[in-house]
>>> print(open('my_file-v8.cif').read())   # mmCIF, C-alpha atoms and all ligand atoms
data_input
#
loop_
_atom_site.label_atom_id
_atom_site.label_comp_id
_atom_site.auth_asym_id
_atom_site.auth_seq_id
_atom_site.Cartn_x
_atom_site.Cartn_y
_atom_site.Cartn_z
CA MET A 1 122.60 86.91 85.10
CA LYS A 2 123.01 90.40 83.70
CA ILE A 3 121.50 93.15 85.86
CA LEU A 4 121.04 96.67 84.51
CA LEU A 5 120.92 99.13 87.41
CA THR A 6 119.89 102.77 86.87
CA GLY A 7 120.52 105.71 89.21
CA ALA A 8 123.66 104.15 90.62
CA THR A 9 124.67 107.36 92.42
CA GLY A 10 121.39 107.75 94.37
CA GLN A 11 120.86 106.64 97.96
CA VAL A 12 119.26 103.32 97.05
CA GLY A 13 121.15 102.88 93.75
CA TRP A 14 124.54 103.21 95.45
CA GLU A 15 123.64 100.48 97.94
CA LEU A 16 122.11 98.29 95.21
CA SER A 17 125.31 98.38 93.19
CA ARG A 18 126.82 96.53 96.17
CA THR A 19 124.04 94.20 97.34
CA LEU A 20 123.20 92.93 93.83
CA MET A 21 126.81 91.90 93.15
CA PRO A 22 126.51 88.24 94.19
CA LEU A 23 123.53 87.77 91.86
CA GLY A 24 125.29 88.42 88.60
CA GLU A 25 127.05 90.99 86.43
CA VAL A 26 125.79 94.40 87.56
CA ILE A 27 125.85 97.07 84.87
CA ALA A 28 125.44 100.15 87.03
CA VAL A 29 124.67 103.33 85.11
CA ASN A 30 124.33 106.90 86.32
CA ARG A 31 122.50 109.85 84.80
CA SER A 32 125.30 110.68 82.34
CA GLN A 33 125.25 107.11 80.99
CA ALA A 34 121.47 106.62 81.06
CA ASP A 35 119.35 109.76 81.26
CA LEU A 36 115.77 108.76 82.00
CA ALA A 37 114.61 111.98 80.38
CA ASP A 38 115.97 110.69 77.04
CA LEU A 39 113.57 107.86 76.26
CA GLN A 40 115.21 106.86 72.99
CA ALA A 41 118.65 106.62 74.61
CA LEU A 42 117.09 104.56 77.40
CA ARG A 43 115.72 102.07 74.84
CA THR A 44 119.14 101.87 73.18
CA ILE A 45 120.88 101.07 76.45
CA VAL A 46 118.54 98.19 77.24
CA LYS A 47 118.89 96.86 73.69
CA ARG A 48 122.68 97.10 73.89
CA HIS A 49 123.05 95.27 77.21
CA LYS A 50 120.15 92.81 76.90
CA PRO A 51 119.83 92.40 80.69
CA ASP A 52 118.00 89.55 82.40
CA ILE A 53 116.94 91.94 85.15
CA ILE A 54 116.42 95.71 85.21
CA VAL A 55 116.47 97.45 88.60
CA ASN A 56 115.29 101.06 88.48
CA PRO A 57 115.86 103.21 91.58
CA ALA A 58 116.51 106.32 89.44
CA ALA A 59 113.74 108.85 89.88
CA TYR A 60 112.83 112.50 90.02
CA THR A 61 112.75 112.78 93.85
CA ALA A 62 112.53 116.55 94.42
CA VAL A 63 109.04 116.46 95.96
CA ASP A 64 108.55 120.23 96.31
CA LYS A 65 110.19 121.17 93.01
CA ALA A 66 107.93 118.71 91.21
CA GLU A 67 105.00 121.04 91.89
CA THR A 68 106.46 123.43 89.29
CA GLU A 69 108.25 120.82 87.12
CA ARG A 70 105.30 118.53 86.49
CA GLU A 71 106.31 117.60 82.95
CA LEU A 72 109.84 116.62 83.89
CA ALA A 73 108.64 114.66 86.94
CA PHE A 74 106.18 112.71 84.76
CA LEU A 75 108.80 112.11 82.05
CA ILE A 76 111.27 110.58 84.52
CA ASN A 77 108.85 108.93 86.98
CA ALA A 78 106.11 107.78 84.63
CA GLU A 79 107.18 107.65 80.97
CA ALA A 80 110.70 106.30 81.55
CA PRO A 81 109.55 103.36 83.72
CA GLY A 82 106.97 102.61 81.01
CA VAL A 83 109.78 102.51 78.43
CA LEU A 84 111.88 100.27 80.68
CA ALA A 85 108.87 97.97 81.05
CA GLU A 86 108.41 97.78 77.26
CA GLU A 87 112.09 97.04 76.68
CA ALA A 88 112.15 94.51 79.54
CA LYS A 89 109.25 92.69 77.90
CA LYS A 90 111.06 92.64 74.53
CA THR A 91 114.24 91.11 76.00
CA GLY A 92 112.39 88.82 78.44
CA ALA A 93 113.83 90.61 81.47
CA PHE A 94 111.99 91.27 84.69
CA LEU A 95 111.78 94.77 86.07
CA VAL A 96 112.22 95.87 89.68
CA HIS A 97 110.93 99.39 90.27
CA TYR A 98 110.51 101.62 93.33
CA SER A 99 107.54 103.69 94.33
CA THR A 100 106.42 105.63 97.34
CA ASP A 101 104.06 106.09 100.27
CA TYR A 102 103.07 109.36 98.54
CA VAL A 103 100.75 107.41 96.22
CA PHE A 104 98.32 107.51 99.17
CA ASP A 105 96.45 110.54 100.51
CA GLY A 106 97.21 109.68 104.14
CA THR A 107 93.63 109.86 105.40
CA LYS A 108 93.51 106.22 106.50
CA THR A 109 93.99 105.76 110.24
CA THR A 110 95.86 102.44 110.07
CA PRO A 111 98.86 101.34 107.92
CA TYR A 112 98.18 101.17 104.17
CA THR A 113 98.15 97.79 102.49
CA GLU A 114 98.83 97.08 98.81
CA GLU A 115 95.05 96.67 98.33
CA ASP A 116 94.25 100.20 99.48
CA LYS A 117 93.04 102.86 97.11
CA THR A 118 95.71 105.26 95.87
CA ASN A 119 95.04 108.99 95.76
CA PRO A 120 98.25 111.08 95.64
CA VAL A 121 98.08 114.60 97.05
CA ASN A 122 101.12 116.05 95.25
CA VAL A 123 102.68 116.01 91.77
CA TYR A 124 105.55 113.74 92.78
CA GLY A 125 103.07 111.16 94.12
CA GLN A 126 100.96 111.46 90.97
CA SER A 127 104.00 110.93 88.75
CA LYS A 128 105.12 107.89 90.77
CA LEU A 129 101.61 106.40 90.61
CA ALA A 130 101.56 106.97 86.85
CA GLY A 131 104.91 105.09 86.72
CA GLU A 132 103.40 102.13 88.57
CA GLN A 133 100.45 102.10 86.17
CA ALA A 134 102.67 102.36 83.08
CA ILE A 135 104.65 99.32 84.23
CA GLN A 136 101.55 97.33 85.15
CA SER A 137 99.95 97.98 81.78
CA VAL A 138 103.01 96.85 79.81
CA ALA A 139 105.43 94.55 81.65
CA ASP A 140 105.09 90.79 81.80
CA ASP A 141 107.20 90.31 84.90
CA TYR A 142 107.67 93.11 87.39
CA ILE A 143 108.04 93.85 91.09
CA ILE A 144 107.14 97.30 92.39
CA LEU A 145 108.51 98.10 95.85
CA ARG A 146 106.90 101.06 97.60
CA THR A 147 109.11 102.56 100.26
CA SER A 148 109.10 105.66 102.49
CA TRP A 149 111.22 108.27 104.29
CA VAL A 150 114.53 107.03 102.83
CA TYR A 151 117.82 107.95 104.51
CA ALA A 152 121.44 106.84 104.26
CA SER A 153 124.82 107.82 105.60
CA ARG A 154 125.50 109.49 102.25
CA GLY A 155 123.41 111.70 99.95
CA SER A 156 121.04 114.41 101.13
CA ASN A 157 118.29 113.27 103.42
CA PHE A 158 116.55 114.00 106.73
CA LEU A 159 119.20 112.22 108.81
CA LYS A 160 122.04 114.26 107.30
CA THR A 161 120.06 117.51 107.62
CA ILE A 162 119.21 116.94 111.30
CA MET A 163 122.82 116.03 112.10
CA ARG A 164 124.00 119.26 110.48
CA LEU A 165 121.36 121.44 112.14
CA ALA A 166 121.89 119.82 115.55
CA GLY A 167 125.54 120.84 115.29
CA GLU A 168 124.67 124.43 114.38
CA ARG A 169 121.54 125.35 116.38
CA GLU A 170 120.22 125.10 119.94
CA GLU A 171 116.57 124.68 118.99
CA LEU A 172 114.67 123.08 116.13
CA LYS A 173 111.00 122.87 115.21
CA ILE A 174 110.03 119.63 113.51
CA VAL A 175 106.70 118.43 112.11
CA ALA A 176 105.00 116.00 114.48
CA ASP A 177 101.66 115.31 112.81
CA GLN A 178 102.90 113.18 109.90
CA THR A 179 103.72 109.54 110.68
CA GLY A 180 105.67 106.97 108.71
CA SER A 181 108.54 104.54 108.86
CA PRO A 182 112.04 105.88 108.19
CA THR A 183 113.81 103.36 105.96
CA TRP A 184 117.57 102.91 105.49
CA ALA A 185 118.62 102.76 101.82
CA ARG A 186 120.77 99.72 102.65
CA LEU A 187 117.77 97.84 104.02
CA ILE A 188 115.95 98.54 100.76
CA ALA A 189 118.93 97.32 98.75
CA GLU A 190 119.46 94.18 100.82
CA THR A 191 115.77 93.34 100.74
CA THR A 192 115.78 93.89 96.98
CA ALA A 193 118.60 91.36 96.62
CA HIS A 194 116.47 88.74 98.45
CA VAL A 195 113.47 89.62 96.30
CA VAL A 196 115.52 89.36 93.09
CA ARG A 197 117.05 86.04 94.14
CA GLN A 198 113.64 84.50 94.88
CA THR A 199 112.23 85.95 91.67
CA ILE A 200 115.02 84.34 89.61
CA LEU A 201 114.20 80.95 91.14
CA GLU A 202 110.44 81.39 90.74
CA ARG A 203 110.79 82.40 87.12
CA GLN A 204 112.96 79.35 86.44
CA ALA A 205 110.23 77.19 88.01
CA ASP A 206 107.49 79.06 86.12
CA LYS A 207 105.95 80.11 89.41
CA PHE A 208 106.58 83.85 89.39
CA LYS A 209 103.77 86.34 89.88
CA SER A 210 104.28 90.07 89.37
CA GLY A 211 103.17 92.36 92.17
CA VAL A 212 103.36 95.45 94.31
CA TYR A 213 104.93 95.22 97.78
CA HIS A 214 105.46 97.68 100.60
CA LEU A 215 109.11 97.73 101.71
CA THR A 216 109.84 99.80 104.81
CA SER A 217 111.25 99.28 108.26
CA SER A 218 108.75 98.09 110.83
CA GLY A 219 107.31 100.43 113.43
CA GLU A 220 106.42 104.05 113.00
CA THR A 221 107.25 107.54 114.17
CA SER A 222 106.76 111.19 113.23
CA TRP A 223 109.41 113.46 111.68
CA HIS A 224 109.75 114.90 115.19
CA GLY A 225 110.26 111.43 116.69
CA PHE A 226 112.75 110.63 113.93
CA ALA A 227 114.73 113.80 114.70
CA GLN A 228 114.71 113.10 118.44
CA LYS A 229 116.02 109.59 117.89
CA ILE A 230 118.78 110.84 115.56
CA VAL A 231 119.97 113.26 118.23
CA ALA A 232 119.71 110.64 121.00
CA ILE A 233 121.84 108.18 119.02
CA ALA A 234 124.32 110.92 118.10
CA ARG A 235 124.68 111.78 121.80
CA GLU A 236 125.34 108.12 122.63
CA GLN A 237 128.07 108.27 119.99
CA GLN A 238 129.57 111.31 121.76
CA ALA A 239 128.88 113.62 118.82
CA GLU A 240 129.45 117.31 119.57
CA LEU A 241 126.02 118.93 119.29
CA LYS A 242 124.65 122.40 120.06
CA ILE A 243 121.04 121.29 120.11
CA LYS A 244 119.10 121.67 123.39
CA ALA A 245 115.46 121.29 122.33
CA ILE A 246 113.48 119.86 119.43
CA HIS A 247 109.96 121.29 119.47
CA PRO A 248 107.03 119.44 117.86
CA ILE A 249 104.99 121.54 115.43
CA PRO A 250 102.03 120.80 113.15
CA ALA A 251 102.76 120.64 109.40
CA ILE A 252 100.68 123.75 108.92
CA GLU A 253 103.43 125.74 110.70
CA TYR A 254 106.06 124.50 108.22
CA PRO A 255 104.67 125.51 104.83
CA VAL A 256 106.21 123.75 101.81
CA PRO A 257 105.05 123.75 98.18
CA ALA A 258 103.96 120.09 98.09
CA LYS A 259 101.28 118.73 100.41
CA ARG A 260 102.31 115.58 102.31
CA PRO A 261 100.06 112.76 103.59
CA GLU A 262 99.51 112.70 107.36
CA ASN A 263 99.63 108.93 107.46
CA SER A 264 102.52 107.42 105.49
CA ARG A 265 102.49 104.12 107.35
CA MET A 266 102.50 101.02 105.15
CA SER A 267 102.03 97.39 106.19
CA VAL A 268 104.97 95.15 105.23
CA GLN A 269 103.07 91.93 105.89
CA ARG A 270 102.76 90.92 102.23
CA LEU A 271 106.50 91.36 101.60
CA GLU A 272 107.42 89.46 104.78
CA GLN A 273 105.12 86.56 103.93
CA GLN A 274 105.98 86.28 100.26
CA PHE A 275 109.76 86.49 100.69
CA GLY A 276 110.20 85.00 104.19
CA LEU A 277 111.62 88.23 105.64
CA THR A 278 111.30 90.09 108.94
CA MET A 279 111.69 93.82 108.56
CA PRO A 280 113.74 95.40 111.39
CA SER A 281 112.40 98.25 113.49
CA TRP A 282 113.18 101.71 112.13
CA ASP A 283 115.19 102.79 115.20
CA ASN A 284 117.33 99.66 115.16
CA ALA A 285 118.24 100.21 111.50
CA LEU A 286 118.87 103.92 112.15
CA SER A 287 121.29 103.11 114.93
CA LEU A 288 123.27 100.78 112.64
CA CYS A 289 123.34 103.34 109.85
CA MET A 290 124.56 106.06 112.19
CA GLN A 291 127.59 103.98 113.14
CA GLU A 292 128.80 104.81 109.64
CA LEU A 293 128.45 108.58 109.97
N1 LIG A 301 114.00 109.46 99.12
C1 LIG A 301 112.85 109.12 99.69
O1 LIG A 301 112.53 109.54 100.81
C2 LIG A 301 111.91 108.17 98.98
C3 LIG A 301 110.68 107.86 99.58
C4 LIG A 301 109.81 106.98 98.93
C5 LIG A 301 110.18 106.42 97.73
N2 LIG A 301 111.37 106.74 97.16
C6 LIG A 301 111.70 106.14 95.87
O2 LIG A 301 112.81 105.28 96.05
C7 LIG A 301 113.63 105.28 94.88
C8 LIG A 301 115.07 105.61 95.24
O3 LIG A 301 115.10 106.90 95.82
P1 LIG A 301 116.43 107.53 96.45
O4 LIG A 301 116.09 107.98 97.81
O5 LIG A 301 117.59 106.60 96.23
O6 LIG A 301 116.57 108.81 95.51
P2 LIG A 301 117.82 109.76 95.29
O7 LIG A 301 118.85 109.55 96.34
O8 LIG A 301 117.26 111.11 95.06
O9 LIG A 301 118.42 109.20 93.94
C9 LIG A 301 117.73 109.34 92.73
C10 LIG A 301 118.66 108.91 91.64
O10 LIG A 301 117.97 109.12 90.41
C11 LIG A 301 118.87 109.75 89.53
N3 LIG A 301 118.18 110.53 88.53
C12 LIG A 301 117.41 111.64 88.66
N4 LIG A 301 117.02 112.08 87.45
C13 LIG A 301 117.57 111.23 86.54
C14 LIG A 301 117.54 111.16 85.14
N5 LIG A 301 116.89 112.07 84.39
N6 LIG A 301 118.22 110.17 84.54
C15 LIG A 301 118.90 109.26 85.25
N7 LIG A 301 118.97 109.27 86.58
C16 LIG A 301 118.30 110.26 87.22
C17 LIG A 301 119.73 110.66 90.39
O11 LIG A 301 120.88 110.99 89.70
P3 LIG A 301 121.80 112.25 90.10
O12 LIG A 301 122.60 111.74 91.28
O13 LIG A 301 122.58 112.51 88.89
O14 LIG A 301 120.85 113.34 90.47
C18 LIG A 301 119.97 109.72 91.58
O15 LIG A 301 121.03 108.85 91.29
C19 LIG A 301 112.98 106.26 93.92
O16 LIG A 301 112.13 105.58 93.05
C20 LIG A 301 112.13 107.14 94.82
O17 LIG A 301 111.03 107.69 94.12
C21 LIG A 301 112.25 107.59 97.77
#
>>> encode(input="my_file-v8.cif", output="structure tokens")
Amino acid sequence: MKILLTGATGQVGWELSRTLMPLGEVIAVNRSQADLADLQALRTIVKRHKPDIIVNPAAYTAVDKAETERELAFLINAEAPGVLAEEAKKTGAFLVHYSTDYVFDGTKTTPYTEEDKTNPVNVYGQSKLAGEQAIQSVADDYIILRTSWVYASRGSNFLKTIMRLAGEREELKIVADQTGSPTWARLIAETTAHVVRQTILERQADKFKSGVYHLTSSGETSWHGFAQKIVAIAREQQAELKIKAIHPIPAIEYPVPAKRPENSRMSVQRLEQQFGLTMPSWDNALSLCMQEL
């Protein structure tokens, strides 16, 4: 099996370049080797490698900046996945793509399922939804994995930011009225490997069905709860911290360019049933990740 992996330097891409290894030859490319903003070059790369599987974690992920870089966000998050889907179809490959909780508006009061209506409230979410739709309108065989609140022991993310701030400041104010499930990039990559393995077998048996799945940790918290847990685990690990208090605030007191959904919770039931998996709780995964910090 030949697996073409984009965005190999990102949080999820870096982990995927490791977890996909036992499944075949992984051709891991970064932005300088495969720029998703250069659609023609992207086509050429797929044609050159003729992969059996394309895994695409590369994305424009700057949620606030996307508000003023709409065109670029749509080029990378919508047009490029559409091109990958077209090329995958031509070579007979299947495409694994990632999307986000931000395709929803967050007004539902229970976790979102894959059947729920999408209605993104920011440009990033709109561009990611357009990417999903581009793939669905073109690809024969695809899996779209929607995830949320991604962190890792490397890269820039909420975990790394809180660890830095907790070492520098005595008090922090963190948004407490947005809920979701923090998800470790490694969990996404390991789950993807299971999904890819089962997909290979199902395709061989002519039993594969394309689909959208929610892939997050289980359980839920707020950004405030997430920050509190990070600090609690860091203390258990004897980290030297200045922080004395983390105050909960409403999102309205932390103005940012892009609006975020209040409810980012997504049900993982479909993924668990289809692939025989049990998603770990977010705090359990966080604790394991933080052992690497
Ligand atoms: N991060 C989150 O909280 C979150 C939440 C929900 C869904 N997701 C989705 O999950 C997937 C993985 O996200 P992540 O957290 O791993 O993101 P990330 O850490 O920001 O990594 C994104 C990767 O995409 C690459 N990239 C950006 N523009 C590119 C371009 N024009 N050409 C080629 N590569 C480009 C980046 O390359 P450089 O290193 O060169 O910049 C980086 O390797 C994405 O589809 C994202 O939309 C993420």
>>> residues_near_point(input="my_file-v8.cif", point="(107.8, 101.1, 101.8)", cutoff="8 Å", atoms="all atoms listed in the file", output="compact mmCIF listing (two decimals) with C-alpha atoms, in the coordinates of the input")
# COMPACT_ATOMS: atom_id res chain seq x y z
CA SER A 99 107.54 103.69 94.33
CA THR A 100 106.42 105.63 97.34
CA ASP A 101 104.06 106.09 100.27
CA LEU A 145 108.51 98.10 95.85
CA ARG A 146 106.90 101.06 97.60
CA THR A 147 109.11 102.56 100.26
CA SER A 148 109.10 105.66 102.49
CA SER A 181 108.54 104.54 108.86
CA THR A 183 113.81 103.36 105.96
CA TYR A 213 104.93 95.22 97.78
CA HIS A 214 105.46 97.68 100.60
CA LEU A 215 109.11 97.73 101.71
CA THR A 216 109.84 99.80 104.81
CA SER A 217 111.25 99.28 108.26
CA MET A 266 102.50 101.02 105.15
CA VAL A 268 104.97 95.15 105.23
>>> closest_residue(input="my_file-v8.cif", among="A:Gly7, A:Ala234, A:Ser210, A:Pro57", to="A:Gly167", atoms="all atoms listed in the file")
A:Ala234
>>> residues_near_point(input="my_file-v8.cif", point="(116.2, 105.3, 106.8)", cutoff="6 Å", atoms="all atoms listed in the file", output="list of chain:residue names")
A:Val150, A:Tyr151, A:Pro182, A:Thr183, A:Trp184
>>> write_last_selection(input="my_file-v8.cif", atoms="C-alpha atoms", output="compact mmCIF listing (two decimals), in the frame of the given file")
# COMPACT_ATOMS: atom_id res chain seq x y z
CA VAL A 150 114.53 107.03 102.83
CA TYR A 151 117.82 107.95 104.51
CA PRO A 182 112.04 105.88 108.19
CA THR A 183 113.81 103.36 105.96
CA TRP A 184 117.57 102.91 105.49
>>> residues_near_ligand(input="my_file-v8.cif", ligand="ligand LIG 301 (chain A)", cutoff="9 Å", atoms="only C-alpha atoms and all ligand atoms", output="JSON, numbers by chain")
{"A": [6, 7, 8, 9, 10, 11, 12, 13, 14, 15, 29, 30, 31, 32, 33, 34, 35, 36, 37, 38, 56, 57, 58, 59, 60, 61, 62, 72, 73, 75, 76, 77, 80, 97, 98, 99, 100, 101, 102, 124, 125, 128, 145, 146, 147, 148, 149, 150, 151, 152, 154, 155, 156, 157, 158, 182, 183, 185, 188]}
>>> residues_around(input="my_file-v8.cif", residues="stretch 284-287 of chain A", least_positions_apart="4", cutoff="7 Å", atoms="all atoms listed in the file", output="PDB file with C-alpha atoms, keeping the file's coordinate frame")
ATOM      1  CA  TRP A 184     117.570 102.910 105.490  1.00  0.00           C
ATOM      2  CA  ILE A 233     121.840 108.180 119.020  1.00  0.00           C
ATOM      3  CA  PRO A 280     113.740  95.400 111.390  1.00  0.00           C
ATOM      4  CA  GLN A 291     127.590 103.980 113.140  1.00  0.00           C
TER       5      GLN A 291
END
>>> residues_around(input="my_file-v8.cif", residues="A:Ala258", least_positions_apart="4", cutoff="7 Å", atoms="all atoms listed in the file", output="PyMOL selection string")
chain A and resi 63-64+67+122
>>> closest_residue(input="my_file-v8.cif", among="A:Leu201, A:Val103, A:Ala66, A:Ala245", to="A:Ser264", atoms="only C-alpha atoms")
A:Val103
>>> closest_residue(input="my_file-v8.cif", among="A:Thr199, A:Thr191, A:Ser218, A:Asn119", to="A:Met279", atoms="only C-alpha atoms")
A:Ser218
>>> closest_residue(input="my_file-v8.cif", among="A:Gln136, A:Gln178, A:Thr91, A:Ser153", to="A:Ile249", atoms="all atoms listed in the file")
A:Gln178
>>> atom_distance(input="my_file-v8.cif", atom1="atom CA of A:Thr118", atom2="atom CA of A:Asp105")
7.1 Å
>>> residues_around(input="my_file-v8.cif", residues="A:Glu168", least_positions_apart="6", cutoff="8 Å", atoms="only C-alpha atoms", output="list in words")
Leu241, Lys242 and Ile243 of chain A
>>> atom_distance(input="my_file-v8.cif", atom1="atom CA of A:Asp140", atom2="atom CA of A:Gln198")
16.8 Å
>>> atom_distance(input="my_file-v8.cif", atom1="atom CA of A:Val46", atom2="atom CA of A:Leu84")
7.8 Å
>>> residues_around(input="my_file-v8.cif", residues="A:Val55", least_positions_apart="3", cutoff="8 Å", atoms="all atoms listed in the file", output="ChimeraX atom specification")
/A:3-6,95-97
>>> closest_residue(input="my_file-v8.cif", among="A:Asp116, A:Glu79, A:Glu262, A:Glu190", to="A:Val212", atoms="all atoms listed in the file")
A:Asp116
>>> closest_residue(input="my_file-v8.cif", among="A:Ala251, A:Ala227, A:Leu187, A:Cys289", to="A:Leu277", atoms="only C-alpha atoms")
A:Leu187
>>> decode(input="my_file-v8.cif", residues="stretch 168-244 of chain A", atoms="C-alpha atoms", output="mmCIF file, in the first residue's frame")
data_model
loop_
_atom_site.group_PDB
_atom_site.id
_atom_site.type_symbol
_atom_site.label_atom_id
_atom_site.label_comp_id
_atom_site.auth_asym_id
_atom_site.auth_seq_id
_atom_site.Cartn_x
_atom_site.Cartn_y
_atom_site.Cartn_z
ATOM 1 C CA GLU A 168 4.527 33.194 33.867
ATOM 2 C CA ARG A 169 1.357 34.514 35.560
ATOM 3 C CA GLU A 170 -0.491 34.160 38.869
ATOM 4 C CA GLU A 171 -3.977 34.574 37.419
ATOM 5 C CA LEU A 172 -5.692 33.678 34.167
ATOM 6 C CA LYS A 173 -9.169 34.296 32.774
ATOM 7 C CA ILE A 174 -10.453 31.502 30.562
ATOM 8 C CA VAL A 175 -13.695 31.127 28.620
ATOM 9 C CA ALA A 176 -16.138 28.857 30.429
ATOM 10 C CA ASP A 177 -19.274 29.013 28.275
ATOM 11 C CA GLN A 178 -18.019 26.986 25.298
ATOM 12 C CA THR A 179 -17.998 23.201 25.700
ATOM 13 C CA GLY A 180 -16.281 20.512 23.682
ATOM 14 C CA SER A 181 -13.959 17.552 23.870
ATOM 15 C CA PRO A 182 -10.210 18.232 23.828
ATOM 16 C CA THR A 183 -8.624 15.655 21.526
ATOM 17 C CA TRP A 184 -4.980 14.524 21.475
ATOM 18 C CA ALA A 185 -3.450 14.539 17.976
ATOM 19 C CA ARG A 186 -2.025 11.072 18.681
ATOM 20 C CA LEU A 187 -5.489 9.692 19.413
ATOM 21 C CA ILE A 188 -6.657 11.064 16.065
ATOM 22 C CA ALA A 189 -3.676 9.486 14.298
ATOM 23 C CA GLU A 190 -4.039 6.111 16.005
ATOM 24 C CA THR A 191 -7.768 6.026 15.359
ATOM 25 C CA THR A 192 -7.108 6.950 11.729
ATOM 26 C CA ALA A 193 -4.777 3.958 11.399
ATOM 27 C CA HIS A 194 -7.589 1.646 12.600
ATOM 28 C CA VAL A 195 -10.024 3.315 10.222
ATOM 29 C CA VAL A 196 -7.608 2.979 7.288
ATOM 30 C CA ARG A 197 -6.888 -0.672 8.089
ATOM 31 C CA GLN A 198 -10.587 -1.565 8.189
ATOM 32 C CA THR A 199 -11.218 0.447 5.042
ATOM 33 C CA ILE A 200 -8.498 -1.460 3.162
ATOM 34 C CA LEU A 201 -10.139 -4.763 4.131
ATOM 35 C CA GLU A 202 -13.658 -3.547 3.323
ATOM 36 C CA ARG A 203 -12.596 -2.262 -0.068
ATOM 37 C CA GLN A 204 -10.945 -5.597 -0.857
ATOM 38 C CA ALA A 205 -14.222 -7.327 0.068
ATOM 39 C CA ASP A 206 -16.270 -4.769 -1.895
ATOM 40 C CA LYS A 207 -18.059 -3.769 1.290
ATOM 41 C CA PHE A 208 -16.756 -0.247 1.825
ATOM 42 C CA LYS A 209 -19.112 2.684 2.271
ATOM 43 C CA SER A 210 -17.863 6.267 2.314
ATOM 44 C CA GLY A 211 -18.932 8.439 5.223
ATOM 45 C CA VAL A 212 -18.505 11.200 7.747
ATOM 46 C CA TYR A 213 -17.534 10.310 11.327
ATOM 47 C CA HIS A 214 -16.981 12.311 14.488
ATOM 48 C CA LEU A 215 -13.593 11.530 16.036
ATOM 49 C CA THR A 216 -12.962 13.090 19.444
ATOM 50 C CA SER A 217 -12.193 11.949 22.954
ATOM 51 C CA SER A 218 -15.220 11.026 25.007
ATOM 52 C CA GLY A 219 -16.575 13.330 27.689
ATOM 53 C CA GLU A 220 -16.718 17.081 27.623
ATOM 54 C CA THR A 221 -15.445 20.195 29.316
ATOM 55 C CA SER A 222 -15.117 23.944 28.797
ATOM 56 C CA TRP A 223 -11.908 25.796 27.893
ATOM 57 C CA HIS A 224 -11.828 26.773 31.576
ATOM 58 C CA GLY A 225 -12.181 23.135 32.671
ATOM 59 C CA PHE A 226 -9.501 22.145 30.170
ATOM 60 C CA ALA A 227 -7.109 24.769 31.574
ATOM 61 C CA GLN A 228 -7.809 23.712 35.165
ATOM 62 C CA LYS A 229 -7.094 20.081 34.334
ATOM 63 C CA ILE A 230 -3.843 20.987 32.554
ATOM 64 C CA VAL A 231 -2.642 22.848 35.639
ATOM 65 C CA ALA A 232 -3.776 20.058 37.994
ATOM 66 C CA ILE A 233 -1.858 17.443 36.002
ATOM 67 C CA ALA A 234 1.188 19.721 35.754
ATOM 68 C CA ARG A 235 1.152 20.108 39.545
ATOM 69 C CA GLU A 236 1.000 16.328 39.981
ATOM 70 C CA GLN A 237 4.068 16.196 37.744
ATOM 71 C CA GLN A 238 5.815 18.682 40.064
ATOM 72 C CA ALA A 239 6.005 21.378 37.380
ATOM 73 C CA GLU A 240 7.123 24.782 38.662
ATOM 74 C CA LEU A 241 4.119 27.072 38.165
ATOM 75 C CA LYS A 242 3.305 30.642 39.188
ATOM 76 C CA ILE A 243 -0.414 30.274 38.648
ATOM 77 C CA LYS A 244 -2.711 30.696 41.678
#
